[in-house]
file final-v1.txt (compact mmCIF, N, CA and C atoms)
# COMPACT_ATOMS: atom_id res chain seq x y z
N GLN T 113 -31.11 46.52 28.65
CA GLN T 113 -30.25 45.69 29.48
C GLN T 113 -29.28 46.59 30.25
N VAL T 114 -29.14 46.30 31.53
CA VAL T 114 -28.25 47.07 32.40
C VAL T 114 -27.16 46.15 32.92
N HIS T 115 -25.93 46.62 32.89
CA HIS T 115 -24.80 45.87 33.44
C HIS T 115 -24.23 46.61 34.62
N ILE T 116 -23.98 45.86 35.70
CA ILE T 116 -23.40 46.42 36.92
C ILE T 116 -22.03 45.81 37.14
N GLY T 117 -21.01 46.64 37.33
CA GLY T 117 -19.67 46.13 37.55
C GLY T 117 -19.02 46.75 38.77
N GLU T 118 -18.59 45.89 39.72
CA GLU T 118 -17.93 46.37 40.93
C GLU T 118 -16.42 46.21 40.80
N SER T 119 -15.69 47.06 41.52
CA SER T 119 -14.24 46.94 41.58
C SER T 119 -13.75 47.57 42.87
N GLY T 120 -12.49 47.30 43.21
CA GLY T 120 -11.87 47.93 44.35
C GLY T 120 -11.69 47.05 45.57
N GLY T 121 -12.17 45.82 45.50
CA GLY T 121 -11.98 44.93 46.65
C GLY T 121 -10.54 44.48 46.79
N GLY T 122 -10.26 43.80 47.89
CA GLY T 122 -8.92 43.30 48.11
C GLY T 122 -8.69 42.91 49.54
N LEU T 123 -7.43 42.71 49.87
CA LEU T 123 -7.01 42.35 51.23
C LEU T 123 -6.48 43.58 51.93
N VAL T 124 -6.96 43.83 53.13
CA VAL T 124 -6.52 44.99 53.89
C VAL T 124 -6.40 44.60 55.35
N GLN T 125 -5.50 45.25 56.07
CA GLN T 125 -5.33 44.98 57.49
C GLN T 125 -6.42 45.68 58.30
N PRO T 126 -6.73 45.15 59.47
CA PRO T 126 -7.69 45.84 60.35
C PRO T 126 -7.28 47.29 60.57
N GLY T 127 -8.27 48.18 60.52
CA GLY T 127 -8.01 49.60 60.65
C GLY T 127 -7.74 50.29 59.33
N GLY T 128 -7.57 49.53 58.28
CA GLY T 128 -7.29 50.09 56.97
C GLY T 128 -8.52 50.57 56.23
N SER T 129 -8.30 51.01 54.99
CA SER T 129 -9.39 51.57 54.18
C SER T 129 -9.38 50.96 52.78
N LEU T 130 -10.56 50.94 52.20
CA LEU T 130 -10.74 50.56 50.81
C LEU T 130 -11.83 51.42 50.22
N ARG T 131 -11.76 51.61 48.91
CA ARG T 131 -12.82 52.31 48.21
C ARG T 131 -13.36 51.42 47.10
N LEU T 132 -14.61 51.06 47.19
CA LEU T 132 -15.26 50.26 46.17
C LEU T 132 -15.96 51.16 45.15
N SER T 133 -15.95 50.73 43.91
CA SER T 133 -16.66 51.45 42.85
C SER T 133 -17.66 50.52 42.20
N CYS T 134 -18.75 51.11 41.76
CA CYS T 134 -19.80 50.35 41.08
C CYS T 134 -20.26 51.18 39.89
N ALA T 135 -20.01 50.66 38.70
CA ALA T 135 -20.38 51.37 37.48
C ALA T 135 -21.56 50.68 36.81
N ALA T 136 -22.57 51.45 36.48
CA ALA T 136 -23.73 50.94 35.76
C ALA T 136 -23.66 51.38 34.31
N SER T 137 -23.94 50.45 33.41
CA SER T 137 -23.90 50.78 31.98
C SER T 137 -25.05 50.08 31.27
N GLY T 138 -25.33 50.54 30.06
CA GLY T 138 -26.41 49.94 29.29
C GLY T 138 -27.58 50.90 29.13
N SER T 139 -28.77 50.34 29.15
CA SER T 139 -29.98 51.13 28.90
C SER T 139 -30.43 51.83 30.18
N ILE T 140 -29.68 52.87 30.53
CA ILE T 140 -30.00 53.63 31.74
C ILE T 140 -30.57 54.96 31.31
N GLY T 141 -31.85 55.13 31.49
CA GLY T 141 -32.48 56.36 31.02
C GLY T 141 -32.71 57.39 32.08
N SER T 142 -32.37 57.04 33.33
CA SER T 142 -32.63 57.96 34.41
C SER T 142 -31.64 57.69 35.54
N ILE T 143 -31.86 58.35 36.64
CA ILE T 143 -31.02 58.14 37.81
C ILE T 143 -31.80 57.29 38.80
N TYR T 144 -31.24 56.18 39.20
CA TYR T 144 -31.96 55.23 40.03
C TYR T 144 -31.30 55.05 41.38
N PRO T 145 -32.09 54.57 42.35
CA PRO T 145 -31.48 54.21 43.63
C PRO T 145 -30.47 53.08 43.44
N MET T 146 -29.39 53.16 44.17
CA MET T 146 -28.39 52.11 44.12
C MET T 146 -27.95 51.80 45.53
N GLY T 147 -27.33 50.63 45.69
CA GLY T 147 -26.93 50.25 47.03
C GLY T 147 -25.80 49.25 47.03
N TRP T 148 -25.19 49.11 48.19
CA TRP T 148 -24.17 48.11 48.43
C TRP T 148 -24.68 47.11 49.45
N TYR T 149 -24.51 45.85 49.14
CA TYR T 149 -24.84 44.76 50.04
C TYR T 149 -23.57 43.92 50.24
N ARG T 150 -23.61 43.08 51.25
CA ARG T 150 -22.48 42.17 51.45
C ARG T 150 -22.99 40.83 51.94
N GLN T 151 -22.21 39.81 51.64
CA GLN T 151 -22.55 38.46 52.10
C GLN T 151 -21.29 37.77 52.56
N ALA T 152 -21.27 37.43 53.84
CA ALA T 152 -20.17 36.69 54.42
C ALA T 152 -20.47 35.20 54.34
N PRO T 153 -19.44 34.35 54.38
CA PRO T 153 -19.68 32.90 54.29
C PRO T 153 -20.65 32.42 55.36
N GLY T 154 -21.66 31.68 54.93
CA GLY T 154 -22.63 31.13 55.86
C GLY T 154 -23.67 32.11 56.36
N LYS T 155 -23.65 33.33 55.83
CA LYS T 155 -24.61 34.34 56.28
C LYS T 155 -25.45 34.84 55.10
N GLN T 156 -26.56 35.46 55.45
CA GLN T 156 -27.42 36.03 54.41
C GLN T 156 -26.84 37.35 53.91
N ARG T 157 -27.23 37.68 52.70
CA ARG T 157 -26.83 38.97 52.14
C ARG T 157 -27.52 40.08 52.93
N GLU T 158 -26.78 41.13 53.26
CA GLU T 158 -27.33 42.22 54.06
C GLU T 158 -27.01 43.56 53.42
N LEU T 159 -27.91 44.52 53.67
CA LEU T 159 -27.68 45.87 53.17
C LEU T 159 -26.55 46.52 53.95
N VAL T 160 -25.64 47.15 53.24
CA VAL T 160 -24.57 47.92 53.86
C VAL T 160 -24.91 49.41 53.80
N ALA T 161 -25.24 49.88 52.61
CA ALA T 161 -25.56 51.30 52.43
C ALA T 161 -26.36 51.48 51.16
N GLY T 162 -27.24 52.48 51.17
CA GLY T 162 -28.03 52.77 49.99
C GLY T 162 -28.02 54.26 49.71
N ILE T 163 -28.28 54.60 48.45
CA ILE T 163 -28.33 56.01 48.07
C ILE T 163 -29.43 56.19 47.05
N THR T 164 -30.29 57.19 47.28
CA THR T 164 -31.41 57.42 46.39
C THR T 164 -30.96 58.24 45.17
N SER T 165 -31.90 58.46 44.27
CA SER T 165 -31.61 59.26 43.09
C SER T 165 -31.27 60.70 43.47
N ARG T 166 -31.73 61.12 44.64
CA ARG T 166 -31.44 62.48 45.13
C ARG T 166 -30.32 62.50 46.15
N ALA T 167 -29.57 61.38 46.19
CA ALA T 167 -28.38 61.27 47.04
C ALA T 167 -28.68 61.23 48.54
N ARG T 168 -29.88 60.84 48.89
CA ARG T 168 -30.15 60.56 50.30
C ARG T 168 -29.58 59.19 50.62
N THR T 169 -28.97 59.08 51.78
CA THR T 169 -28.25 57.85 52.11
C THR T 169 -28.80 57.18 53.35
N ASN T 170 -28.57 55.89 53.45
CA ASN T 170 -28.87 55.15 54.67
C ASN T 170 -27.80 54.07 54.83
N TYR T 171 -27.56 53.70 56.08
CA TYR T 171 -26.49 52.77 56.40
C TYR T 171 -26.94 51.73 57.41
N ALA T 172 -26.31 50.58 57.33
CA ALA T 172 -26.48 49.58 58.38
C ALA T 172 -25.82 50.12 59.64
N ASP T 173 -26.39 49.79 60.79
CA ASP T 173 -25.84 50.28 62.06
C ASP T 173 -24.37 49.88 62.22
N SER T 174 -24.02 48.73 61.71
CA SER T 174 -22.67 48.20 61.91
C SER T 174 -21.60 48.99 61.16
N VAL T 175 -22.00 49.81 60.19
CA VAL T 175 -21.00 50.55 59.41
C VAL T 175 -21.13 52.06 59.56
N LYS T 176 -22.14 52.52 60.29
CA LYS T 176 -22.32 53.97 60.46
C LYS T 176 -21.08 54.59 61.07
N GLY T 177 -20.67 55.71 60.49
CA GLY T 177 -19.50 56.41 60.99
C GLY T 177 -18.19 55.90 60.40
N ARG T 178 -18.24 54.76 59.71
CA ARG T 178 -17.02 54.20 59.12
C ARG T 178 -17.09 54.16 57.59
N PHE T 179 -18.29 53.91 57.06
CA PHE T 179 -18.46 53.80 55.62
C PHE T 179 -19.23 55.01 55.10
N THR T 180 -18.91 55.39 53.86
CA THR T 180 -19.62 56.49 53.21
C THR T 180 -19.95 56.11 51.77
N ILE T 181 -21.23 56.21 51.44
CA ILE T 181 -21.67 55.95 50.07
C ILE T 181 -21.87 57.27 49.35
N SER T 182 -21.49 57.31 48.09
CA SER T 182 -21.66 58.52 47.30
C SER T 182 -21.89 58.12 45.84
N ARG T 183 -22.29 59.08 45.03
CA ARG T 183 -22.55 58.75 43.63
C ARG T 183 -22.12 59.89 42.72
N ASP T 184 -21.75 59.52 41.50
CA ASP T 184 -21.43 60.46 40.45
C ASP T 184 -22.40 60.15 39.31
N ASN T 185 -23.46 60.94 39.21
CA ASN T 185 -24.51 60.64 38.23
C ASN T 185 -24.01 60.76 36.80
N ALA T 186 -23.07 61.63 36.56
CA ALA T 186 -22.54 61.79 35.20
C ALA T 186 -21.84 60.53 34.73
N LYS T 187 -21.30 59.77 35.68
CA LYS T 187 -20.58 58.54 35.33
C LYS T 187 -21.40 57.29 35.65
N ASN T 188 -22.63 57.48 36.13
CA ASN T 188 -23.46 56.33 36.55
C ASN T 188 -22.67 55.41 37.48
N THR T 189 -22.00 56.02 38.43
CA THR T 189 -21.11 55.27 39.32
C THR T 189 -21.43 55.60 40.77
N VAL T 190 -21.40 54.58 41.60
CA VAL T 190 -21.58 54.72 43.04
C VAL T 190 -20.32 54.21 43.72
N TYR T 191 -19.93 54.88 44.79
CA TYR T 191 -18.73 54.52 45.52
C TYR T 191 -19.08 54.15 46.96
N LEU T 192 -18.23 53.33 47.54
CA LEU T 192 -18.34 53.02 48.96
C LEU T 192 -16.96 53.18 49.57
N GLN T 193 -16.78 54.25 50.32
CA GLN T 193 -15.53 54.48 51.03
C GLN T 193 -15.61 53.78 52.38
N MET T 194 -14.72 52.85 52.61
CA MET T 194 -14.74 52.06 53.83
C MET T 194 -13.49 52.35 54.65
N ASN T 195 -13.68 52.91 55.83
CA ASN T 195 -12.58 53.23 56.73
C ASN T 195 -12.69 52.40 58.00
N SER T 196 -11.60 52.36 58.75
CA SER T 196 -11.56 51.62 60.03
C SER T 196 -12.12 50.22 59.87
N LEU T 197 -11.65 49.53 58.86
CA LEU T 197 -12.19 48.21 58.56
C LEU T 197 -11.88 47.21 59.67
N LYS T 198 -12.83 46.31 59.86
CA LYS T 198 -12.72 45.28 60.89
C LYS T 198 -12.78 43.90 60.24
N PRO T 199 -12.26 42.89 60.91
CA PRO T 199 -12.34 41.53 60.35
C PRO T 199 -13.78 41.12 60.01
N GLU T 200 -14.73 41.59 60.81
CA GLU T 200 -16.13 41.23 60.54
C GLU T 200 -16.71 41.91 59.30
N ASP T 201 -15.95 42.81 58.68
CA ASP T 201 -16.38 43.41 57.41
C ASP T 201 -16.03 42.51 56.23
N THR T 202 -15.31 41.44 56.49
CA THR T 202 -14.94 40.51 55.43
C THR T 202 -16.17 39.89 54.80
N ALA T 203 -16.27 40.02 53.48
CA ALA T 203 -17.45 39.52 52.77
C ALA T 203 -17.26 39.79 51.27
N VAL T 204 -18.16 39.23 50.49
CA VAL T 204 -18.29 39.64 49.10
C VAL T 204 -19.26 40.81 49.07
N TYR T 205 -18.85 41.90 48.46
CA TYR T 205 -19.67 43.10 48.40
C TYR T 205 -20.30 43.21 47.02
N TYR T 206 -21.62 43.38 47.03
CA TYR T 206 -22.40 43.46 45.80
C TYR T 206 -23.04 44.84 45.67
N CYS T 207 -23.12 45.30 44.46
CA CYS T 207 -23.80 46.56 44.15
C CYS T 207 -25.09 46.25 43.41
N ASN T 208 -26.11 47.04 43.65
CA ASN T 208 -27.32 46.87 42.87
C ASN T 208 -27.90 48.21 42.43
N LEU T 209 -28.77 48.11 41.45
CA LEU T 209 -29.49 49.27 40.91
C LEU T 209 -30.95 48.87 40.82
N VAL T 210 -31.83 49.73 41.33
CA VAL T 210 -33.26 49.43 41.35
C VAL T 210 -33.96 50.29 40.31
N SER T 211 -34.56 49.62 39.35
CA SER T 211 -35.30 50.31 38.30
C SER T 211 -36.72 49.79 38.33
N GLY T 212 -37.59 50.46 39.08
CA GLY T 212 -38.97 50.02 39.22
C GLY T 212 -39.01 48.64 39.85
N PRO T 213 -39.66 47.68 39.16
CA PRO T 213 -39.76 46.33 39.72
C PRO T 213 -38.53 45.47 39.49
N ILE T 214 -37.54 46.00 38.80
CA ILE T 214 -36.36 45.20 38.44
C ILE T 214 -35.16 45.67 39.24
N THR T 215 -34.45 44.70 39.82
CA THR T 215 -33.20 44.99 40.53
C THR T 215 -32.06 44.29 39.79
N TYR T 216 -31.06 45.06 39.42
CA TYR T 216 -29.89 44.54 38.73
C TYR T 216 -28.75 44.41 39.74
N TRP T 217 -28.03 43.29 39.65
CA TRP T 217 -26.93 43.02 40.57
C TRP T 217 -25.62 42.84 39.81
N GLY T 218 -24.54 43.24 40.47
CA GLY T 218 -23.23 42.94 39.93
C GLY T 218 -22.76 41.57 40.39
N GLN T 219 -21.54 41.21 39.97
CA GLN T 219 -20.99 39.90 40.31
C GLN T 219 -20.33 39.88 41.68
N GLY T 220 -20.08 41.05 42.24
CA GLY T 220 -19.49 41.13 43.56
C GLY T 220 -17.98 41.30 43.54
N THR T 221 -17.47 41.86 44.62
CA THR T 221 -16.02 42.00 44.79
C THR T 221 -15.66 41.61 46.21
N GLN T 222 -14.61 40.82 46.34
CA GLN T 222 -14.23 40.28 47.65
C GLN T 222 -13.46 41.32 48.46
N VAL T 223 -13.88 41.49 49.71
CA VAL T 223 -13.15 42.32 50.67
C VAL T 223 -12.74 41.41 51.82
N THR T 224 -11.46 41.37 52.10
CA THR T 224 -10.94 40.56 53.19
C THR T 224 -10.14 41.45 54.13
N VAL T 225 -10.54 41.46 55.39
CA VAL T 225 -9.86 42.26 56.41
C VAL T 225 -9.16 41.30 57.35
N SER T 226 -7.85 41.29 57.28
CA SER T 226 -7.08 40.32 58.06
C SER T 226 -5.66 40.81 58.23
N SER T 227 -5.07 40.45 59.37
CA SER T 227 -3.68 40.78 59.60
C SER T 227 -2.78 39.62 59.19

call {"tool": "encode", "arguments": {"input": "final-v1.txt", "output": "structure tokens"}}
result
Amino acid sequence: QVHIGESGGGLVQPGGSLRLSCAASGSIGSIYPMGWYRQAPGKQRELVAGITSRARTNYADSVKGRFTISRDNAKNTVYLQMNSLKPEDTAVYYCNLVSGPITYWGQGTQVTVSS
């Protein structure tokens, strides 16, 4: 069993920054790809950023140059540094871990960008 826990969300003004953390715990026997997704009200969940077991990264076009995903394998933790936040970044942010055919999701953390 794998548990995914996100933290670091909150309310921030436009142009501000937040750092999200995602910690994986439980029966983790290796290093797996992980990613951040987000879902805004009335919209589908979308990929924000992903990172492979070898730390290769990919980003949605809407966040390139503003967001940075990174990982600390010793802590089984993935981070999402979000800079220059915009109101359209407002959403619930979810972290996932992909282990073969199984994808584990966290409960999500709310990010609200508003003045």

call {"tool": "residues_around", "arguments": {"input": "final-v1.txt", "residues": "T:Tyr144", "least_positions_apart": "2", "cutoff": "7 Å", "atoms": "only N, CA and C atoms", "output": "ChimeraX atom specification"}}
result
/T:142,146,163-166,209-211

call {"tool": "residues_around", "arguments": {"input": "final-v1.txt", "residues": "T:Ser119", "least_positions_apart": "3", "cutoff": "8 Å", "atoms": "all atoms listed in the file", "output": "PyMOL selection string"}}
result
chain T and resi 116+122+131-135+220-222

call {"tool": "write_last_selection", "arguments": {"input": "final-v1.txt", "atoms": "N, CA and C atoms", "output": "tab-separated table (two decimals), in the frame of the given file"}}
result
chain	number	residue	atom	x	y	z
T	116	ILE	N	-23.98	45.86	35.70
T	116	ILE	CA	-23.40	46.42	36.92
T	116	ILE	C	-22.03	45.81	37.14
T	122	GLY	N	-10.26	43.80	47.89
T	122	GLY	CA	-8.92	43.30	48.11
T	122	GLY	C	-8.69	42.91	49.54
T	131	ARG	N	-11.76	51.61	48.91
T	131	ARG	CA	-12.82	52.31	48.21
T	131	ARG	C	-13.36	51.42	47.10
T	132	LEU	N	-14.61	51.06	47.19
T	132	LEU	CA	-15.26	50.26	46.17
T	132	LEU	C	-15.96	51.16	45.15
T	133	SER	N	-15.95	50.73	43.91
T	133	SER	CA	-16.66	51.45	42.85
T	133	SER	C	-17.66	50.52	42.20
T	134	CYS	N	-18.75	51.11	41.76
T	134	CYS	CA	-19.80	50.35	41.08
T	134	CYS	C	-20.26	51.18	39.89
T	135	ALA	N	-20.01	50.66	38.70
T	135	ALA	CA	-20.38	51.37	37.48
T	135	ALA	C	-21.56	50.68	36.81
T	220	GLY	N	-20.08	41.05	42.24
T	220	GLY	CA	-19.49	41.13	43.56
T	220	GLY	C	-17.98	41.30	43.54
T	221	THR	N	-17.47	41.86	44.62
T	221	THR	CA	-16.02	42.00	44.79
T	221	THR	C	-15.66	41.61	46.21
T	222	GLN	N	-14.61	40.82	46.34
T	222	GLN	CA	-14.23	40.28	47.65
T	222	GLN	C	-13.46	41.32	48.46

call {"tool": "closest_residue", "arguments": {"input": "final-v1.txt", "among": "T:Gly177, T:Tyr171, T:Tyr216, T:Glu118", "to": "T:Ser196", "atoms": "all atoms listed in the file"}}
result
T:Gly177

call {"tool": "residues_around", "arguments": {"input": "final-v1.txt", "residues": "T:Gln125", "least_positions_apart": "3", "cutoff": "5 Å", "atoms": "all atoms listed in the file", "output": "short mmCIF file (atom, residue, chain, number, x, y, z; two decimals) with N, CA and C atoms, keeping the file's coordinate frame"}}
result
data_model
loop_
_atom_site.label_atom_id
_atom_site.label_comp_id
_atom_site.auth_asym_id
_atom_site.auth_seq_id
_atom_site.Cartn_x
_atom_site.Cartn_y
_atom_site.Cartn_z
N GLY T 128 -7.57 49.53 58.28
CA GLY T 128 -7.29 50.09 56.97
C GLY T 128 -8.52 50.57 56.23
N SER T 226 -7.85 41.29 57.28
CA SER T 226 -7.08 40.32 58.06
C SER T 226 -5.66 40.81 58.23
N SER T 227 -5.07 40.45 59.37
CA SER T 227 -3.68 40.78 59.60
C SER T 227 -2.78 39.62 59.19
#

call {"tool": "residues_around", "arguments": {"input": "final-v1.txt", "residues": "T:Gln156", "least_positions_apart": "4", "cutoff": "12 Å", "atoms": "only C-alpha atoms", "output": "PDB file with N, CA and C atoms, in the coordinates of the input"}}
result
ATOM      1  N   TYR T 149     -24.510  45.850  49.140  1.00  0.00           N
ATOM      2  CA  TYR T 149     -24.840  44.760  50.040  1.00  0.00           C
ATOM      3  C   TYR T 149     -23.570  43.920  50.240  1.00  0.00           C
ATOM      4  N   ARG T 150     -23.610  43.080  51.250  1.00  0.00           N
ATOM      5  CA  ARG T 150     -22.480  42.170  51.450  1.00  0.00           C
ATOM      6  C   ARG T 150     -22.990  40.830  51.940  1.00  0.00           C
ATOM      7  N   GLN T 151     -22.210  39.810  51.640  1.00  0.00           N
ATOM      8  CA  GLN T 151     -22.550  38.460  52.100  1.00  0.00           C
ATOM      9  C   GLN T 151     -21.290  37.770  52.560  1.00  0.00           C
ATOM     10  N   ALA T 152     -21.270  37.430  53.840  1.00  0.00           N
ATOM     11  CA  ALA T 152     -20.170  36.690  54.420  1.00  0.00           C
ATOM     12  C   ALA T 152     -20.470  35.200  54.340  1.00  0.00           C
ATOM     13  N   ALA T 203     -16.270  40.020  53.480  1.00  0.00           N
ATOM     14  CA  ALA T 203     -17.450  39.520  52.770  1.00  0.00           C
ATOM     15  C   ALA T 203     -17.260  39.790  51.270  1.00  0.00           C
ATOM     16  N   VAL T 204     -18.160  39.230  50.490  1.00  0.00           N
ATOM     17  CA  VAL T 204     -18.290  39.640  49.100  1.00  0.00           C
ATOM     18  C   VAL T 204     -19.260  40.810  49.070  1.00  0.00           C
TER      19      VAL T 204
END

call {"tool": "atom_distance", "arguments": {"input": "final-v1.txt", "atom1": "atom CA of T:Lys176", "atom2": "atom CA of T:Pro153"}}
result
22.1 Å

call {"tool": "closest_residue", "arguments": {"input": "final-v1.txt", "among": "T:Thr202, T:Asn208, T:Thr189, T:Thr180", "to": "T:Val223", "atoms": "all atoms listed in the file"}}
result
T:Thr202

call {"tool": "atom_distance", "arguments": {"input": "final-v1.txt", "atom1": "atom CA of T:Gly127", "atom2": "atom N of T:Ile181"}}
result
17.4 Å

call {"tool": "closest_residue", "arguments": {"input": "final-v1.txt", "among": "T:Ala136, T:Leu159, T:Leu130, T:Val124", "to": "T:Asn188", "atoms": "only C-alpha atoms"}}
result
T:Ala136

call {"tool": "atom_distance", "arguments": {"input": "final-v1.txt", "atom1": "atom C of T:Gly154", "atom2": "atom C of T:Thr215"}}
result
22.2 Å

call {"tool": "closest_residue", "arguments": {"input": "final-v1.txt", "among": "T:Gly218, T:Thr224, T:Trp148, T:Lys155", "to": "T:Tyr191", "atoms": "only C-alpha atoms"}}
result
T:Trp148

call {"tool": "select_by_dssp", "arguments": {"input": "final-v1.txt", "residues": "chain T", "states": "helix (DSSP H, G or I)", "output": "number ranges by chain"}}
result
T: 185-187, 199-201

call {"tool": "residues_around", "arguments": {"input": "final-v1.txt", "residues": "T:Arg178", "least_positions_apart": "3", "cutoff": "7 Å", "atoms": "only N, CA and C atoms", "output": "list of chain:residue names"}}
result
T:Ser174, T:Val175, T:Gln193, T:Met194, T:Asn195, T:Ser196

call {"tool": "closest_residue", "arguments": {"input": "final-v1.txt", "among": "T:Gly212, T:Leu192, T:Ala161, T:Gly117", "to": "T:Ile143", "atoms": "only C-alpha atoms"}}
result
T:Gly212

call {"tool": "select_by_dssp", "arguments": {"input": "final-v1.txt", "residues": "chain T", "states": "strand (DSSP E)", "output": "PyMOL selection string"}}
result
chain T and resi 114-119+122-124+130-138+146-151+158-163+169-171+179-184+189-194+203-211+214-217+221-225
